[in-house]
Amino acid sequence: MRKLVPSLGRRLVIAVPYFWLLVFFLVPFFIVLKISLSQPMIAIPPYLPVFSWQDGIGGFIQKLGALSLDNYLWLAGDPLYVNAYLSSLWIAAVSTLLTLLVGYPIAYGMARAPLSIRPILLMMVILPFWTSFLIRVYAWIGILKPEGLLNQFLMLLGVIDQPLVIINTTTAVYIGIVYSYLPFMVLPLYATLEKMDYSLIEAAEDLGCTAFSAFWKITFPLSRPGIVAGCMLVFIPAVGEFVIPDLLGGSQTLMIGKTLWNEFFANRDWPVSSAVAIVLLLLLVLPIVYFQRAQARAQEKAG
Amino acid sequence: MASLGSIRRSFAPWADPSAKPYIRFENVSKRFGDFVAVDDLSLTIYEREFFALLGASGCGKTTLLRMLAGFEQPTSGRILLDGQDLLRVPPYRRPVNMMFQSYALFPHMTVEANIAFGLKQDGMPKAEIAGRVAQMLKLVKLEPFAKRKPHQLSGGQRQRVALARSIAKRPKVLLLDEPLGALDKKLREETQFELMDLQHDLGLTFLVVTHDQEEAMTMADRIAIMDKGRVLQVATPAEVYEAPASRFVADFVGSINMFEGRLVKENAGIAHIRDASGAEFWVGGSTRAAPGDTVWLAIRPEKMRVSRERPPEAENAFNGEIWDIAYLGDMTIYNVRLDDGRIVKASMINSMRRLEDALTWHDRAWISFSADAVVLLTE
C-alpha cells in the first residue's frame, strides 16, 4: 500500500520550490501591489506608506479603506500609457512572429542534421549567452548605424547609394529582439522536432504527400507544443523589454519597459510605475492562464 | 521435389514460364558508405503473390523493401513494377503502400483521419472517402474506434489501423515491415491468418519482411532467404524446409542435424558417404558431387527415430545414449549422444498417451533414419 501522507523528505523537497516562489515572487509582488495603491510624496522611499507594523489588526482594516485606485485611473486616463501598452504588445507580437520564421528553419535543420554534429550546432545556438546581453545589443549599434558595418557593406556591394536609416527605428528594435531571443525560440522547437519519429514523414510520403505537404500536414502540427513554448518564451519578456528599445529604438519607439523606467527613475513616481508593472503583469498572466486552461481542457477532451 | 510446391495451393505462377513477373529487382545493390546492405540482388515476384523476405537483422531485407517504397535509391541496378522502371518515381507517386514496423500512425489524427489520409491526398471526393473509410474500418473490425486517437488504442488495434491505412488506397503492392513484430504470440498467430485471408480477398500482392521463420512459413507463397545482402534461396515454404539449397538455409530454417563427410561412391541413386570418424551413411538422391568431395548431410529431427532396438529397415543407424529429453506434450525431443561424442537431436510424435517401455535418461538407444530423409548439401 502506498502511503497517502507524504513523507517528511518528500514534503521538504516540495517545500523548497514553494518557499522560493513565496519569497522571491509572491512577497515582492505584494510589495509592488501595495506601492501601486499608495500616494507619491517627496520622501525616502518616495511614497506615503499605507501600512505600518504599529497599526495592529484594527488599524490594518481601517487603513484598507485608505487605499486608492488613483494610480490605475491615472494610467487609464492618459493615452501615453495605453499607447505604450498597445505598442509594446504589437512590437512583441511582430518580433515573436519574425523570431518564429527565422528560428523554425534553424531548429528544423538542426533536428535533421547528422547525429554527430547536432551537439556542435546546439552549442552554437547557446554560445551568444557567454557574452553579456548588454554588450551584444551595443554591438548592434555599430552594425546598424548610418556609417555602420551593414551600410558600409551594402554600399560596397552597390546595393544602395545612401545609408539606410535603421538605428533608432522600430526596425532596429525588431532586429534586436529577433537576434536576442532567437535561442529561446530555437531550443524548444529543436526539442520537439528532434524527438519526432521520422517514419511519420515517410508514411505521409508513402500515402501520397510531397515533402512540402508532408511538412504542413505532419511535421508542423506535431511541432505545435514547441511553437507555443518558443513563442511564449519570446513574447513575454519582449513585451517588457527595456534595453533593446532604449539602445536601438531611440526616442521614436514607445514601449512600456521604457515608460516604466522613466516613471521610476526620471519622475521618481513609484506608485504609478508600480501600477504600470502590475497592469503589465495582469496583461500577460491572464491570457496565458486562460490559454493554458483551454489547452488542458482540449487535451482532456481528446484524452 | 517438383511436387512439394503444390502442397500448399495450386497458385504457382513462378512455375509457369509464360507468367509475367510483377516486381523485378535486377542486379540491385545498395551501399551505405562502406557497408553493403544489398549486394547485386535479383528477384522476381508475381502478381497476387504473398512473398516473404526472411533473414536475420542487418541482412538487407528492410533496405530492399524501402527501395521498393522509394525511401532509398539503389546504388546500382533497376527495380521494375508492372513493367515500369521505378528509379525516377518519388515515393508519393509509387503505386505501393507500406505498413511500417512502428506503424507510424499520425498521433494528432483520429483513426478515421489516419485511414482517410492517403485518399484525401489523391483528391478523392468526400463521400467516396467516407465510404471507403467505413469499409476499411469494417474490414479490420475497428468501427467503434473511428473517433479515437492512436494513443487510446491497444497494440493490436494500432496494428489494424496501420493495416487499414496502408490498404485504403488499394495499392498494387502492399509492403509490410515486420507487421506482427510488436504483437504478443497469441495475437500474432491470429493475425497471421487474418492477413492471409485479407490478401486473398483483396487480390493484392504482399511483400512482407520478417525475421520470424514461422511467420514466413505460415503466410507466404514463397520465401526468399536473405543473408548479407544476398538472396540464398527463393522457394515455397515446403521447399525451403525440405530441400534447403545450402547449409545456411538448412540451419536457419527450423532445427537440423548436420554431418560432414566425403563421398565414397554413388551407385544407382544411393550415395555412400563416410565421415572423419569412419561412420558410414547411405543417402538417396543425386549428389552432383564427385567421389572424394566434401558433402554435408542434413537431417531434420522429426525424420529421425529413437528406439531401443535397431530397426531392420533403416539404412542409417547409430548407437548412443539418451542425453536429454524435452517433453513438449505433442512431441518429445531427444538429444542422443553418439558414441563418438556428437549430440544428435530427434523428435518423436507422442501418438500414445502412455508408453509401457518409455526411453529415459542414460538409456542406450539407436538413432536411425532412412536414406530418403537426408538432404545432401555441397555448399
# chains A, B, ... in the order shown; residues from 1 in each chain; ligands from 1
$ closest_atom_pairs --of "chain B" --to "chain A" --cutoff "6 Å" --atoms "only C-alpha atoms" --output "CSV"
residue,atom,partner,partner_atom,distance
B:Pro91,CA,A:Asp206,CA,5.5
B:Tyr92,CA,A:Gly208,CA,4.0
B:Asn97,CA,A:Asp206,CA,5.9
B:Ala104,CA,A:Leu200,CA,5.0
B:Gly118,CA,A:Leu207,CA,4.5
B:Gln121,CA,A:Gly208,CA,5.6
$ write_last_selection --atoms "N, CA, C and O atoms" --output "PDB file, in the first residue's frame"
ATOM      1  N   PRO B  91       8.424   8.550 -53.896  1.00  0.00           N
ATOM      2  CA  PRO B  91       7.574   7.661 -53.098  1.00  0.00           C
ATOM      3  C   PRO B  91       6.082   7.962 -53.237  1.00  0.00           C
ATOM      4  O   PRO B  91       5.268   7.047 -53.311  1.00  0.00           O
ATOM      5  N   TYR B  92       5.741   9.262 -53.283  1.00  0.00           N
ATOM      6  CA  TYR B  92       4.315   9.599 -53.282  1.00  0.00           C
ATOM      7  C   TYR B  92       3.614   9.287 -54.583  1.00  0.00           C
ATOM      8  O   TYR B  92       2.402   9.393 -54.685  1.00  0.00           O
ATOM      9  N   ASN B  97       2.095   0.794 -51.157  1.00  0.00           N
ATOM     10  CA  ASN B  97       1.953   1.381 -49.826  1.00  0.00           C
ATOM     11  C   ASN B  97       2.636   0.491 -48.819  1.00  0.00           C
ATOM     12  O   ASN B  97       2.816  -0.704 -49.058  1.00  0.00           O
ATOM     13  N   ALA B 104       3.763   3.944 -37.485  1.00  0.00           N
ATOM     14  CA  ALA B 104       3.826   5.337 -37.958  1.00  0.00           C
ATOM     15  C   ALA B 104       2.447   5.957 -38.099  1.00  0.00           C
ATOM     16  O   ALA B 104       2.158   6.656 -39.069  1.00  0.00           O
ATOM     17  N   GLY B 118      -4.465   9.060 -46.993  1.00  0.00           N
ATOM     18  CA  GLY B 118      -3.981   8.800 -48.348  1.00  0.00           C
ATOM     19  C   GLY B 118      -5.029   9.094 -49.410  1.00  0.00           C
ATOM     20  O   GLY B 118      -4.711   9.559 -50.503  1.00  0.00           O
ATOM     21  N   GLN B 121      -5.200  12.765 -50.048  1.00  0.00           N
ATOM     22  CA  GLN B 121      -4.067  13.198 -50.862  1.00  0.00           C
ATOM     23  C   GLN B 121      -4.347  12.982 -52.334  1.00  0.00           C
ATOM     24  O   GLN B 121      -3.887  13.736 -53.177  1.00  0.00           O
TER      25      GLN B 121
END
$ closest_residue --among "B:Ala162, B:Gly123, B:Gly329, B:Gly284" --to "Leu142 in chain B" --atoms "only C-alpha atoms"
B:Ala162
$ residues_around --residues "range 284-291 of chain A" --least-positions-apart "3" --cutoff "12 Å" --atoms "only C-alpha atoms" --output "VMD selection string"
chain A and resid 85 88 to 89 92 228 to 229 231 to 233 235 to 240 277 to 281 294 to 298
$ write_last_selection --atoms "N, CA, C and O atoms" --output "tab-separated table (two decimals), in the first residue's frame"
chain	number	residue	atom	x	y	z
A	85	TYR	N	1.36	50.48	-23.89
A	85	TYR	CA	0.99	49.06	-23.77
A	85	TYR	C	0.71	48.45	-25.14
A	85	TYR	O	1.24	47.39	-25.48
A	88	SER	N	3.80	48.10	-27.19
A	88	SER	CA	4.65	47.01	-26.71
A	88	SER	C	4.12	45.66	-27.16
A	88	SER	O	4.88	44.80	-27.62
A	89	LEU	N	2.80	45.48	-27.00
A	89	LEU	CA	2.21	44.20	-27.40
A	89	LEU	C	2.42	43.97	-28.89
A	89	LEU	O	2.74	42.87	-29.33
A	92	ALA	N	6.12	43.25	-29.62
A	92	ALA	CA	6.45	41.90	-29.15
A	92	ALA	C	5.84	40.85	-30.07
A	92	ALA	O	6.47	39.84	-30.39
A	228	VAL	N	4.44	26.83	-29.42
A	228	VAL	CA	3.78	27.55	-28.32
A	228	VAL	C	4.81	27.93	-27.24
A	228	VAL	O	4.88	29.08	-26.82
A	229	ALA	N	5.64	26.95	-26.86
A	229	ALA	CA	6.63	27.22	-25.81
A	229	ALA	C	7.61	28.30	-26.26
A	229	ALA	O	7.90	29.24	-25.52
A	231	CYS	N	7.21	30.64	-28.59
A	231	CYS	CA	6.57	31.95	-28.72
A	231	CYS	C	6.36	32.60	-27.35
A	231	CYS	O	6.54	33.80	-27.20
A	232	MET	N	5.99	31.79	-26.36
A	232	MET	CA	5.80	32.36	-25.03
A	232	MET	C	7.12	32.86	-24.47
A	232	MET	O	7.18	33.93	-23.87
A	233	LEU	N	8.16	32.06	-24.67
A	233	LEU	CA	9.47	32.45	-24.14
A	233	LEU	C	10.00	33.72	-24.79
A	233	LEU	O	10.82	34.43	-24.21
A	235	PHE	N	7.74	36.09	-26.49
A	235	PHE	CA	6.75	37.16	-26.39
A	235	PHE	C	6.74	37.80	-25.00
A	235	PHE	O	6.75	39.03	-24.88
A	236	ILE	N	6.73	36.98	-23.96
A	236	ILE	CA	6.56	37.51	-22.60
A	236	ILE	C	7.69	38.48	-22.22
A	236	ILE	O	7.42	39.63	-21.86
A	237	PRO	N	8.96	38.07	-22.34
A	237	PRO	CA	9.99	39.07	-22.00
A	237	PRO	C	10.05	40.21	-23.00
A	237	PRO	O	10.44	41.31	-22.63
A	238	ALA	N	9.67	39.97	-24.25
A	238	ALA	CA	9.77	41.04	-25.26
A	238	ALA	C	8.79	42.17	-24.95
A	238	ALA	O	9.10	43.34	-25.21
A	239	VAL	N	7.63	41.86	-24.38
A	239	VAL	CA	6.65	42.91	-24.06
A	239	VAL	C	7.27	43.90	-23.08
A	239	VAL	O	7.14	45.11	-23.24
A	240	GLY	N	7.95	43.41	-22.08
A	240	GLY	CA	8.52	44.29	-21.06
A	240	GLY	C	9.95	44.71	-21.35
A	240	GLY	O	10.61	45.30	-20.50
A	277	ALA	N	3.63	48.32	-13.67
A	277	ALA	CA	4.15	46.95	-13.62
A	277	ALA	C	3.04	45.93	-13.35
A	277	ALA	O	3.00	44.86	-13.96
A	278	ILE	N	2.13	46.29	-12.43
A	278	ILE	CA	1.04	45.36	-12.10
A	278	ILE	C	0.14	45.14	-13.31
A	278	ILE	O	-0.24	44.00	-13.64
A	279	VAL	N	-0.19	46.22	-14.00
A	279	VAL	CA	-1.05	46.08	-15.18
A	279	VAL	C	-0.36	45.22	-16.24
A	279	VAL	O	-0.97	44.35	-16.85
A	280	LEU	N	0.95	45.44	-16.41
A	280	LEU	CA	1.70	44.64	-17.39
A	280	LEU	C	1.64	43.15	-17.03
A	280	LEU	O	1.41	42.29	-17.88
A	281	LEU	N	1.79	42.89	-15.72
A	281	LEU	CA	1.76	41.50	-15.26
A	281	LEU	C	0.40	40.86	-15.56
A	281	LEU	O	0.33	39.75	-16.10
A	294	ALA	N	-7.52	26.40	-21.43
A	294	ALA	CA	-8.26	25.97	-22.63
A	294	ALA	C	-7.56	24.78	-23.26
A	294	ALA	O	-8.20	23.81	-23.68
A	295	GLN	N	-6.22	24.82	-23.26
A	295	GLN	CA	-5.48	23.73	-23.88
A	295	GLN	C	-5.60	22.45	-23.05
A	295	GLN	O	-5.77	21.37	-23.61
A	296	ALA	N	-5.53	22.60	-21.74
A	296	ALA	CA	-5.67	21.43	-20.87
A	296	ALA	C	-7.05	20.80	-21.06
A	296	ALA	O	-7.19	19.58	-21.12
A	297	ARG	N	-8.06	21.67	-21.23
A	297	ARG	CA	-9.41	21.17	-21.43
A	297	ARG	C	-9.51	20.41	-22.77
A	297	ARG	O	-10.09	19.35	-22.84
A	298	ALA	N	-8.90	21.00	-23.79
A	298	ALA	CA	-8.93	20.37	-25.11
A	298	ALA	C	-8.23	19.02	-25.06
A	298	ALA	O	-8.67	18.04	-25.66
$ residues_around --residues "range 68-78 of chain A" --least-positions-apart "3" --cutoff "7 Å" --atoms "only C-alpha atoms" --output "PyMOL selection string"
chain A and resi 36-38+81-82+271-272+275
$ write_last_selection --atoms "C-alpha atoms" --output "CSV table (one decimal), in the first residue's frame"
chain,number,residue,atom,x,y,z
A,36,SER,CA,0.8,50.9,-6.5
A,37,LEU,CA,-2.1,51.6,-4.2
A,38,SER,CA,-0.4,54.4,-2.3
A,81,TYR,CA,0.3,54.6,-21.1
A,82,VAL,CA,-2.4,52.9,-23.2
A,271,PRO,CA,3.2,54.3,-7.1
A,272,VAL,CA,2.5,55.0,-10.8
A,275,ALA,CA,0.8,50.3,-11.2
$ residues_around --residues "Val165 in chain A" --least-positions-apart "5" --cutoff "12 Å" --atoms "only C-alpha atoms" --output "PDB file with C-alpha atoms, in the first residue's frame"
ATOM      1  CA  ILE A 141      24.531  49.892 -32.773  1.00  0.00           C
ATOM      2  CA  ILE A 143      26.284  47.352 -37.166  1.00  0.00           C
ATOM      3  CA  LEU A 144      23.117  49.319 -37.785  1.00  0.00           C
ATOM      4  CA  LYS A 145      24.207  52.974 -37.501  1.00  0.00           C
ATOM      5  CA  PRO A 146      24.378  55.031 -40.748  1.00  0.00           C
ATOM      6  CA  GLU A 147      28.164  54.619 -41.057  1.00  0.00           C
ATOM      7  CA  GLY A 148      27.958  51.139 -39.535  1.00  0.00           C
ATOM      8  CA  LEU A 150      25.764  46.897 -42.576  1.00  0.00           C
ATOM      9  CA  ASN A 151      25.527  50.154 -44.509  1.00  0.00           C
ATOM     10  CA  ILE A 160      22.418  51.262 -52.043  1.00  0.00           C
ATOM     11  CA  THR A 170      11.253  50.203 -34.768  1.00  0.00           C
ATOM     12  CA  THR A 171      13.013  48.042 -37.379  1.00  0.00           C
ATOM     13  CA  ALA A 172      16.146  48.147 -35.254  1.00  0.00           C
ATOM     14  CA  LEU A 248      18.330  50.591 -30.645  1.00  0.00           C
ATOM     15  CA  GLY A 249      14.886  52.175 -30.838  1.00  0.00           C
TER      16      GLY A 249
END
$ select_by_dssp --residues "range 157-289 of chain B" --states "strand (DSSP E or B)" --output "mmCIF file with N, CA, C and O atoms, in the first residue's frame"
data_model
loop_
_atom_site.group_PDB
_atom_site.id
_atom_site.type_symbol
_atom_site.label_atom_id
_atom_site.label_comp_id
_atom_site.auth_asym_id
_atom_site.auth_seq_id
_atom_site.Cartn_x
_atom_site.Cartn_y
_atom_site.Cartn_z
ATOM 1 N N VAL B 173 0.905 -3.045 -54.707
ATOM 2 C CA VAL B 173 1.689 -3.907 -53.830
ATOM 3 C C VAL B 173 1.622 -3.343 -52.418
ATOM 4 O O VAL B 173 1.759 -2.133 -52.225
ATOM 5 N N LEU B 174 1.409 -4.213 -51.457
ATOM 6 C CA LEU B 174 1.468 -3.784 -50.064
ATOM 7 C C LEU B 174 2.774 -4.292 -49.465
ATOM 8 O O LEU B 174 3.091 -5.476 -49.550
ATOM 9 N N LEU B 175 3.532 -3.353 -48.898
ATOM 10 C CA LEU B 175 4.796 -3.714 -48.269
ATOM 11 C C LEU B 175 4.574 -3.763 -46.764
ATOM 12 O O LEU B 175 4.029 -2.825 -46.189
ATOM 13 N N LEU B 176 4.971 -4.849 -46.154
ATOM 14 C CA LEU B 176 4.775 -4.977 -44.715
ATOM 15 C C LEU B 176 6.122 -5.205 -44.048
ATOM 16 O O LEU B 176 6.791 -6.198 -44.329
ATOM 17 N N ASP B 177 6.495 -4.252 -43.186
ATOM 18 C CA ASP B 177 7.784 -4.352 -42.496
ATOM 19 C C ASP B 177 7.540 -4.922 -41.099
ATOM 20 O O ASP B 177 7.016 -4.214 -40.246
ATOM 21 N N THR B 205 -0.865 -7.953 -54.062
ATOM 22 C CA THR B 205 0.456 -8.559 -53.929
ATOM 23 C C THR B 205 1.037 -8.080 -52.605
ATOM 24 O O THR B 205 1.073 -6.883 -52.356
ATOM 25 N N PHE B 206 1.452 -9.001 -51.765
ATOM 26 C CA PHE B 206 2.018 -8.651 -50.460
ATOM 27 C C PHE B 206 3.497 -8.980 -50.469
ATOM 28 O O PHE B 206 3.893 -10.059 -50.888
ATOM 29 N N LEU B 207 4.284 -8.031 -49.991
ATOM 30 C CA LEU B 207 5.706 -8.295 -49.800
ATOM 31 C C LEU B 207 5.991 -8.018 -48.333
ATOM 32 O O LEU B 207 5.909 -6.886 -47.878
ATOM 33 N N VAL B 208 6.293 -9.080 -47.599
ATOM 34 C CA VAL B 208 6.457 -8.918 -46.155
ATOM 35 C C VAL B 208 7.903 -9.197 -45.760
ATOM 36 O O VAL B 208 8.542 -10.102 -46.299
ATOM 37 N N VAL B 209 8.400 -8.354 -44.876
ATOM 38 C CA VAL B 209 9.748 -8.530 -44.338
ATOM 39 C C VAL B 209 9.611 -9.079 -42.929
ATOM 40 O O VAL B 209 8.831 -8.558 -42.140
ATOM 41 N N THR B 210 10.314 -10.157 -42.639
ATOM 42 C CA THR B 210 10.223 -10.710 -41.291
ATOM 43 C C THR B 210 11.506 -11.436 -40.907
ATOM 44 O O THR B 210 12.258 -11.884 -41.774
ATOM 45 N N ARG B 222 5.817 -17.813 -51.317
ATOM 46 C CA ARG B 222 7.243 -18.097 -51.490
ATOM 47 C C ARG B 222 8.045 -17.278 -50.492
ATOM 48 O O ARG B 222 7.622 -16.204 -50.077
ATOM 49 N N ILE B 223 9.212 -17.795 -50.165
ATOM 50 C CA ILE B 223 10.091 -17.126 -49.218
ATOM 51 C C ILE B 223 11.444 -16.914 -49.882
ATOM 52 O O ILE B 223 11.929 -17.806 -50.585
ATOM 53 N N ALA B 224 12.000 -15.723 -49.680
ATOM 54 C CA ALA B 224 13.398 -15.513 -50.075
ATOM 55 C C ALA B 224 14.216 -15.464 -48.800
ATOM 56 O O ALA B 224 13.959 -14.639 -47.930
ATOM 57 N N ILE B 225 15.180 -16.377 -48.684
ATOM 58 C CA ILE B 225 16.055 -16.365 -47.511
ATOM 59 C C ILE B 225 17.227 -15.452 -47.824
ATOM 60 O O ILE B 225 17.903 -15.642 -48.842
ATOM 61 N N MET B 226 17.434 -14.453 -46.974
ATOM 62 C CA MET B 226 18.493 -13.482 -47.236
ATOM 63 C C MET B 226 19.578 -13.531 -46.171
ATOM 64 O O MET B 226 19.300 -13.797 -45.001
ATOM 65 N N ASP B 227 20.801 -13.270 -46.632
ATOM 66 C CA ASP B 227 21.923 -13.140 -45.703
ATOM 67 C C ASP B 227 22.962 -12.238 -46.345
ATOM 68 O O ASP B 227 23.291 -12.411 -47.517
ATOM 69 N N ARG B 230 22.340 -10.737 -49.806
ATOM 70 C CA ARG B 230 22.097 -11.623 -50.944
ATOM 71 C C ARG B 230 20.915 -12.532 -50.673
ATOM 72 O O ARG B 230 20.603 -12.820 -49.523
ATOM 73 N N VAL B 231 20.312 -13.006 -51.759
ATOM 74 C CA VAL B 231 19.255 -13.992 -51.630
ATOM 75 C C VAL B 231 19.896 -15.368 -51.775
ATOM 76 O O VAL B 231 20.587 -15.643 -52.746
ATOM 77 N N LEU B 232 19.689 -16.221 -50.779
ATOM 78 C CA LEU B 232 20.304 -17.545 -50.827
ATOM 79 C C LEU B 232 19.393 -18.569 -51.470
ATOM 80 O O LEU B 232 19.841 -19.519 -52.091
ATOM 81 N N GLN B 233 18.104 -18.393 -51.269
ATOM 82 C CA GLN B 233 17.161 -19.331 -51.876
ATOM 83 C C GLN B 233 15.801 -18.672 -51.960
ATOM 84 O O GLN B 233 15.374 -17.973 -51.034
ATOM 85 N N VAL B 234 15.119 -18.896 -53.077
ATOM 86 C CA VAL B 234 13.744 -18.444 -53.208
ATOM 87 C C VAL B 234 12.919 -19.678 -53.493
ATOM 88 O O VAL B 234 13.146 -20.360 -54.492
ATOM 89 N N ALA B 235 12.004 -19.997 -52.622
ATOM 90 C CA ALA B 235 11.231 -21.219 -52.813
ATOM 91 C C ALA B 235 9.985 -21.183 -51.952
ATOM 92 O O ALA B 235 9.823 -20.288 -51.114
ATOM 93 N N ASN B 257 20.106 -31.537 -37.954
ATOM 94 C CA ASN B 257 21.359 -32.209 -37.607
ATOM 95 C C ASN B 257 22.241 -32.218 -38.845
ATOM 96 O O ASN B 257 21.780 -32.498 -39.946
ATOM 97 N N MET B 258 23.486 -31.879 -38.650
ATOM 98 C CA MET B 258 24.379 -31.766 -39.800
ATOM 99 C C MET B 258 25.598 -32.661 -39.591
ATOM 100 O O MET B 258 26.210 -32.648 -38.520
ATOM 101 N N PHE B 259 25.920 -33.449 -40.618
ATOM 102 C CA PHE B 259 27.138 -34.270 -40.582
ATOM 103 C C PHE B 259 27.992 -33.906 -41.781
ATOM 104 O O PHE B 259 27.471 -33.717 -42.879
ATOM 105 N N GLU B 260 29.276 -33.844 -41.561
ATOM 106 C CA GLU B 260 30.175 -33.571 -42.673
ATOM 107 C C GLU B 260 30.885 -34.869 -43.045
ATOM 108 O O GLU B 260 31.294 -35.633 -42.167
ATOM 109 N N GLY B 261 30.979 -35.129 -44.353
ATOM 110 C CA GLY B 261 31.653 -36.360 -44.757
ATOM 111 C C GLY B 261 32.189 -36.252 -46.173
ATOM 112 O O GLY B 261 32.107 -35.192 -46.794
ATOM 113 N N ARG B 262 32.745 -37.375 -46.661
ATOM 114 C CA ARG B 262 33.244 -37.397 -48.036
ATOM 115 C C ARG B 262 32.487 -38.445 -48.827
ATOM 116 O O ARG B 262 32.186 -39.520 -48.305
ATOM 117 N N LEU B 263 32.209 -38.102 -50.059
ATOM 118 C CA LEU B 263 31.512 -39.042 -50.925
ATOM 119 C C LEU B 263 32.478 -40.167 -51.297
ATOM 120 O O LEU B 263 33.573 -39.924 -51.800
ATOM 121 N N VAL B 264 32.055 -41.399 -51.012
ATOM 122 C CA VAL B 264 32.893 -42.544 -51.394
ATOM 123 C C VAL B 264 32.551 -42.949 -52.816
ATOM 124 O O VAL B 264 33.374 -42.930 -53.707
ATOM 125 N N LYS B 265 31.270 -43.271 -53.020
ATOM 126 C CA LYS B 265 30.827 -43.535 -54.394
ATOM 127 C C LYS B 265 29.323 -43.383 -54.485
ATOM 128 O O LYS B 265 28.633 -43.337 -53.465
ATOM 129 N N GLU B 266 28.852 -43.275 -55.704
ATOM 130 C CA GLU B 266 27.425 -43.098 -55.914
ATOM 131 C C GLU B 266 26.989 -44.173 -56.892
ATOM 132 O O GLU B 266 27.563 -44.318 -57.965
ATOM 133 N N ASN B 267 25.957 -44.930 -56.504
ATOM 134 C CA ASN B 267 25.581 -46.078 -57.318
ATOM 135 C C ASN B 267 24.070 -46.264 -57.277
ATOM 136 O O ASN B 267 23.497 -46.361 -56.208
ATOM 137 N N ILE B 270 21.946 -44.256 -54.922
ATOM 138 C CA ILE B 270 22.299 -44.293 -53.500
ATOM 139 C C ILE B 270 23.759 -43.852 -53.365
ATOM 140 O O ILE B 270 24.646 -44.420 -54.008
ATOM 141 N N ALA B 271 23.966 -42.804 -52.533
ATOM 142 C CA ALA B 271 25.331 -42.328 -52.326
ATOM 143 C C ALA B 271 25.874 -42.918 -51.038
ATOM 144 O O ALA B 271 25.159 -43.022 -50.039
ATOM 145 N N HIS B 272 27.115 -43.278 -51.097
ATOM 146 C CA HIS B 272 27.787 -43.847 -49.931
ATOM 147 C C HIS B 272 28.758 -42.794 -49.408
ATOM 148 O O HIS B 272 29.628 -42.335 -50.135
ATOM 149 N N ILE B 273 28.563 -42.403 -48.143
ATOM 150 C CA ILE B 273 29.374 -41.311 -47.582
ATOM 151 C C ILE B 273 30.024 -41.790 -46.294
ATOM 152 O O ILE B 273 29.409 -42.515 -45.494
ATOM 153 N N ARG B 274 31.244 -41.367 -46.098
ATOM 154 C CA ARG B 274 31.943 -41.735 -44.874
ATOM 155 C C ARG B 274 32.449 -40.458 -44.220
ATOM 156 O O ARG B 274 32.960 -39.572 -44.893
ATOM 157 N N ASP B 275 32.282 -40.361 -42.921
ATOM 158 C CA ASP B 275 32.768 -39.140 -42.268
ATOM 159 C C ASP B 275 34.130 -39.377 -41.624
ATOM 160 O O ASP B 275 34.672 -40.479 -41.700
ATOM 161 N N GLU B 280 29.496 -44.579 -41.507
ATOM 162 C CA GLU B 280 29.065 -44.687 -42.892
ATOM 163 C C GLU B 280 27.600 -44.311 -43.033
ATOM 164 O O GLU B 280 26.777 -44.631 -42.169
ATOM 165 N N PHE B 281 27.299 -43.587 -44.113
ATOM 166 C CA PHE B 281 25.927 -43.141 -44.372
ATOM 167 C C PHE B 281 25.520 -43.595 -45.767
ATOM 168 O O PHE B 281 26.332 -43.625 -46.689
ATOM 169 N N TRP B 282 24.232 -43.882 -45.918
ATOM 170 C CA TRP B 282 23.670 -44.227 -47.218
ATOM 171 C C TRP B 282 22.552 -43.231 -47.503
ATOM 172 O O TRP B 282 21.610 -43.113 -46.729
ATOM 173 N N VAL B 283 22.709 -42.508 -48.589
ATOM 174 C CA VAL B 283 21.805 -41.392 -48.858
ATOM 175 C C VAL B 283 21.220 -41.512 -50.255
ATOM 176 O O VAL B 283 21.943 -41.793 -51.215
ATOM 177 N N GLY B 284 19.886 -41.292 -50.342
ATOM 178 C CA GLY B 284 19.210 -41.358 -51.640
ATOM 179 C C GLY B 284 19.322 -40.042 -52.388
ATOM 180 O O GLY B 284 19.572 -38.996 -51.796
#
